[in-house]
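Heads up: the structure comes next, in structure tokens.
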Amino acid sequence: MPSATLETAARELNQQIGLTSDGSQFLTFNLGEELYGVDILRVQEIKGYTTVTKIPNTPSHIKGVLNLRGTIVPIIELRTKFGMPTIEYTAFTVIIVVVVRDKVMGLVVDSVSDVLNIDKNDIQVPPQFGAKVDVSFLNGIGKSGDKLVALLDMDRLLSEDEIQEATVATKAA
Amino acid sequence: MGKTALIVDDSPTMRQMVAFTLTNAGFTVVQAEHGKDAVNKVSVGPKMDIVVTDLNMPEMDGITLIKELRKMASFKFTPILMLTTESAIEKKQAGKEAGATGWIVKPFNPELLLKTIAKVLPA
Amino acid sequence: MSNDFAQFQAAFFEEAAEHLAVVEEGLLELEQHPEDLDLLNKIFRSAHSIKGTSGMFGFNAVAQFTHKMETLLDLLRNGQKAVSPPIADLLLKSTDCLKTLIESVKTGAPVDDAAVQRLTSELASASAAGAPQPPASELTTAIDPAQSGDLTKTYVITWTPPNWLFQRGLDPLQTMKELRGLGELTKVTLDVSRLPHLTDIDPEQCYLAWELQLRTEKDSKIVEAVFEFVREDSQLSIQQVSAKEADKGVQSQSVSTATPMPTSEMDGPKPIGQILVEGGVVSSSALDHALAQQKRVGEILVEQKAVTPQQLEQALQKQRQQESGAHAKKADTASIRVDTAKIDKLINLVGELVITQSMLSDLGARFEMSQLHVLLERVAQLERNTREIQERVMSIRMLPIGTAFSRFPRLVRDLAAKAGKKIQLVMTGEETELDKTVIESIGDPLTHLIRNSADHGLELPEERLDNNKPEMGTIKLNAFHEGGSICITVEDDGRGLNRDKILAKAIRQGLISENDKLSDEQIWSLIFKPGFSTAEKVTDVSGRGVGMDVVKRNIEGLGGTVSIKTTLGKGATFTLKLPLTLAIIEGMTVRVGRETYIVPLLSILESIQPKEGSVKTVVGKGELINVRGTYLPMARLYEVFALEPEHKLATKAILLILETEGERVAVMVDEILGQQQVVIKSMEQNFRKVEGIAGATILGDGTVGFILDVRGLIEIARQETAMAA
């Protein structure tokens, strides 16, 4: 544990009691050892994993669709989407229901972690890892205490996905 | 207030407008589509404090309805207002003879409607 | 008019449309039965309703025009004028005009003022000739604005009401109260002189009379208005007296008369105009003229050069636009009129549902296994409730198809007149109910079909007579329920579709080749191809090659089908088959491996278990199945959707023969599970279109099931055979 300065300690305290400074709130979740975050304003709800209906002839990261109180909602497995190995679902496996451009969809993640306030100054542009790792759907890397959070750009993540119609997808580079 | 009004008109729009005005003024409103409907409704329903009826209606017109109502013990002295268009002024006489208390000339506004009702409605 | 009623404008437009339909239909029928008084009364009532209600919103152009129509209709129904073809024609044209007038107040669309003027005067002259015209009254508000008298006046009122006052529900006490509302009743004297001997008294008669003194600032007109309903039947005098006279208790000298007393002989200050007239300074016509010149703000401002007439006109224009803009915005909200009985029933059902729910939660709170049968019973009850509510809610959107049919009598009449044909339209099944959106969408396709029948199908009278047919051609329009769908047929007894002509044309247009062997059905369906038209001469109603393909596209867009039956020389029948509603379909659930799919029942012709050797492969890939001698393309659902099936051998599996738009495909599944109604859910709302899938639904266990897209499966099967060929 690196020793925290007084300033960061104060900020952490603020975060714990839910005070926001000049930053945004992020819902963070785990995929393996990595911590990711989505803008809390995008999150509609979090629900336990239930069986989905597979959609024929769709890429493997699209798990299927789910009945969310009468609405058909597509479910995306983020592990597969990010090219990580799949794991057995556990009691912690959850679906984060997000709204992206008026469309509702679910993201399967290993477990949710926390809601964090991340100061604007603590967000860095995502580093370039070369061609191996696709960072195009990251908004930046957030720092919260000693944690590093990969902040997801939902618009890009899901628009380049086949979920969106081809016309929308042209925006993604 | 607790007053009950019977509104008889074959035009749903007209009926709604009158009902709306009276409901806002605190009346309980019973609506009927034409004379026959009205007679059916009052024969089983509550006593009316006032009746507002159109004249030109299918099944049973307003004049006949007024005559029918006046035959009933519970409507013998009830104020009955007829809705009439100006061109049907000769209907006024027929209405009076049938026992109509008064009339409201179309087109009217909510204010005139309530004023005319206040004119004939016993406290 | 007060704005309080403005919120009812949408209801008015809806109602007016219905009345217009009644008027139009009635007039058309009247041409056949000019003596039908009931019909005339019905038409009159509708026109009268439009007039009365439009006036309420200040739609004076509508009210005044309808008034003119009504005047003529009144003469007709009183027998003062006879229904003649020119009059019926005039009234029909006027109905069209009235439609545009109403449309104009609704959307602000421009109106052909000249046409309105022309029709107005035509109506007036049609009404004038032969019978005295009732006074054409302009629509004005009944009450006069309260004039503000600035001095307190004293009136002496003597009133002897008619004996039968009470029988009309009138109460003299009310009158007193109303007078008191105007000012101060300084003196009330009851006159009992008319009271008979006690034994002769009829308690329901009014024998009393009154003399009253009223101090008020109000004008005598307002005082008189208190007696509005009894004035003509009472002995009434209203006299203004000087305050001194009143104080002295000097009674008015005037003798009571049976007519309302003119108020001109009163003392006290008079309006300045009156004094001038009385003094001979000005004539009364000059006074009227001066009063008529009371000006509006705009005019005064123009005169004072504060604004230019152009600026004023622009401002007025803007005001009108804002008004019509507000109307147009209102008109956008779609609404539906529902029978109150339907709503009452629904409320009852919801009540039952609430009871069931509370019984269930009660049971759930302290449930023991021994109560299982109770639980099952209540769940069954819940199921019944739910199903019934579902049906009722759907029925709210259900309207009789007659609303879509109503425009056709007029259409056929006009088409017949234009083409010089004699055509009668026979409509049945107008009461058949179906979903509002479906009704709204079938109007155009049906119009095309009827035009097609009138224009292409039916022959000219001479030709019909030559062929031993009655001179009058018939188009039958019929609607009826069939299973979970509605069938609408358009049938004519005309020349029927000509096989050879269609084939020749299709070959000429390169739609088919000369060697193609087509079944009759396939040939008839050629007329639905875009750009196909066999009309020998292009008329302005059909034969432009547009229409039939649009018909097919529209109907299929609604999940329906179009089919044709025809016999050369005898006629043709077009049958539209449509779902009752767009939200729910009757489906067959099928299983492939562990997945469940729903097949629209409408498209299932049959299910078969194929025999050994009935499946043929085309060059090792595309498969065809022999169903009683016909080879159909086959799609293995597990291949299409990349699933792990239970059976890969066709002879072990089930084949569903599906049909849409006259094309068939055999779809291979593992098992048929059962039939159920499913609510269609959109896949596109949160996802996108998936090939082979028309939509999704929620299955009994809460999971999502997919509804197969039959059209898509046919395409897929065809591509495979085509690729293989």
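In the structure tokens, chains take the letters A, B, ... in the order shown, each chain's residues start at 1, and ligands count up from 1 in the order shown.
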
Going by DSSP on the backbone, which bits of chain B are helix (DSSP H, G or I)? Write them as a PyMOL selection string, please.
chain B and resi 12-24+35-44+62-71+73-75+86-88+90-98+110-120

Compile the contact shell of B:Asp37 as an NGL selection string: residues with an atom at most 12 Å away, counting only C-alpha atoms, same-chain residues fewer than 4 positions apart removed.
:B and (6-10 or 30-33 or 41-45 or 53 or 57-62 or 65)

I'd like the interatomic distance between atom CA of C:Thr575 and atom CA of C:Phe480, to a tenth of an Å.
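For atom CA of C:Thr575 relative to atom CA of C:Phe480, the distance reads 11.0 Å.
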
Please report, as a tab-separated table, each residue of chain B lying at most 6 Å from chain C, together with the nearest pair of atoms and the separation in Å rounded to one decimal; use only C-alpha atoms, and order rows by chain and ascending residue number.
```
residue	atom	partner	partner_atom	distance
B:Thr13	CA	C:Phe12	CA	5.5
B:Phe77	CA	C:Gly169	CA	4.2
B:Thr78	CA	C:Gly169	CA	5.0
B:Pro79	CA	C:Gly169	CA	4.5
B:Gly99	CA	C:Arg168	CA	4.5
B:Ala100	CA	C:Arg168	CA	5.4
B:Thr101	CA	C:Arg168	CA	4.8
B:Gly102	CA	C:Phe229	CA	5.3
B:Pro107	CA	C:Met56	CA	4.6
B:Asn109	CA	C:Ser2	CA	5.7
```

Store the residues picked out above, limited to N, CA and C atoms, as a PDB file, in the first residue's frame.
```
ATOM      1  N   THR B  13     -69.874  15.274 -28.447  1.00  0.00           N
ATOM      2  CA  THR B  13     -69.051  16.448 -28.170  1.00  0.00           C
ATOM      3  C   THR B  13     -69.839  17.448 -27.332  1.00  0.00           C
ATOM      4  N   PHE B  77     -92.033  19.048 -11.487  1.00  0.00           N
ATOM      5  CA  PHE B  77     -91.625  20.431 -11.286  1.00  0.00           C
ATOM      6  C   PHE B  77     -90.120  20.646 -11.504  1.00  0.00           C
ATOM      7  N   THR B  78     -89.454  19.649 -12.041  1.00  0.00           N
ATOM      8  CA  THR B  78     -88.013  19.768 -12.253  1.00  0.00           C
ATOM      9  C   THR B  78     -87.736  20.770 -13.378  1.00  0.00           C
ATOM     10  N   PRO B  79     -86.763  21.648 -13.179  1.00  0.00           N
ATOM     11  CA  PRO B  79     -86.428  22.557 -14.276  1.00  0.00           C
ATOM     12  C   PRO B  79     -85.848  21.773 -15.471  1.00  0.00           C
ATOM     13  N   GLY B  99     -93.720  21.846 -21.713  1.00  0.00           N
ATOM     14  CA  GLY B  99     -93.396  21.983 -20.297  1.00  0.00           C
ATOM     15  C   GLY B  99     -91.947  22.360 -20.012  1.00  0.00           C
ATOM     16  N   ALA B 100     -91.230  22.832 -21.038  1.00  0.00           N
ATOM     17  CA  ALA B 100     -89.838  23.215 -20.806  1.00  0.00           C
ATOM     18  C   ALA B 100     -89.785  24.477 -19.952  1.00  0.00           C
ATOM     19  N   THR B 101     -88.833  24.513 -19.053  1.00  0.00           N
ATOM     20  CA  THR B 101     -88.695  25.658 -18.179  1.00  0.00           C
ATOM     21  C   THR B 101     -88.097  26.836 -18.933  1.00  0.00           C
ATOM     22  N   GLY B 102     -87.092  26.538 -19.732  1.00  0.00           N
ATOM     23  CA  GLY B 102     -86.417  27.597 -20.451  1.00  0.00           C
ATOM     24  C   GLY B 102     -85.546  27.027 -21.540  1.00  0.00           C
ATOM     25  N   PRO B 107     -74.933  28.957 -30.458  1.00  0.00           N
ATOM     26  CA  PRO B 107     -73.847  28.518 -29.574  1.00  0.00           C
ATOM     27  C   PRO B 107     -73.841  29.295 -28.263  1.00  0.00           C
ATOM     28  N   ASN B 109     -71.632  29.759 -24.299  1.00  0.00           N
ATOM     29  CA  ASN B 109     -70.374  29.507 -23.618  1.00  0.00           C
ATOM     30  C   ASN B 109     -70.684  28.989 -22.211  1.00  0.00           C
TER      31      ASN B 109
END
```

With only C-alpha atoms considered, list every residue of chain C at most 6 Å from chain A, as number ranges by chain.
C: 641, 686-687, 704

Would you mind exporting C-alpha atoms of the selected residues as a compact mmCIF listing (two decimals), in the first residue's frame?
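The file below, selection_27.txt, is the result:
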```
# COMPACT_ATOMS: atom_id res chain seq x y z
CA PHE C 641 -30.39 -20.98 -37.29
CA ASN C 686 -33.57 -2.49 -28.72
CA PHE C 687 -31.81 -4.66 -31.26
CA VAL C 704 -38.30 -14.82 -24.94
```

Do a neighbour search on stretch 84-87 of chain A at 12 Å with only C-alpha atoms, toss out local chain neighbours closer than 2 positions, and write the hits as number ranges by chain.
A: 31-34, 60-61, 63, 77-82, 89-90, 93, 108-110, 133

Please save C-alpha atoms of the selected residues as a compact mmCIF listing (two decimals), in the first residue's frame.
```
# COMPACT_ATOMS: atom_id res chain seq x y z
CA LEU A 31 -14.06 -8.74 -15.47
CA GLY A 32 -11.46 -11.13 -14.08
CA GLU A 33 -8.87 -9.01 -12.32
CA GLU A 34 -9.72 -5.87 -14.23
CA SER A 60 -20.89 -15.05 -30.00
CA HIS A 61 -20.64 -12.03 -27.66
CA LYS A 63 -25.67 -13.87 -25.57
CA GLU A 77 -21.28 -10.79 -22.75
CA LEU A 78 -18.46 -8.33 -22.17
CA ARG A 79 -15.84 -11.05 -21.63
CA THR A 80 -16.44 -12.41 -25.11
CA LYS A 81 -16.70 -8.93 -26.54
CA PHE A 82 -13.27 -8.09 -25.13
CA TYR A 89 -21.49 -17.96 -14.18
CA THR A 90 -21.67 -17.61 -10.42
CA THR A 93 -22.66 -12.75 -12.21
CA VAL A 108 -23.03 -9.56 -18.48
CA VAL A 109 -20.16 -8.94 -16.07
CA ASP A 110 -18.44 -11.09 -13.39
CA VAL A 133 -5.63 -4.68 -27.55
```

So that I can check the surroundings of A:Ser113, please list as a PyMOL selection string every protein, DNA and RNA residue that reaches within 7 Å of it, counting only C-alpha atoms and ignoring chain neighbours fewer than 2 positions away.
chain A and resi 28-30+111

Just how far from atom CA of C:Asp219 is atom CA of C:Gly183, in Å to one decimal?
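Atom CA of C:Asp219 lies 11.3 Å from atom CA of C:Gly183.
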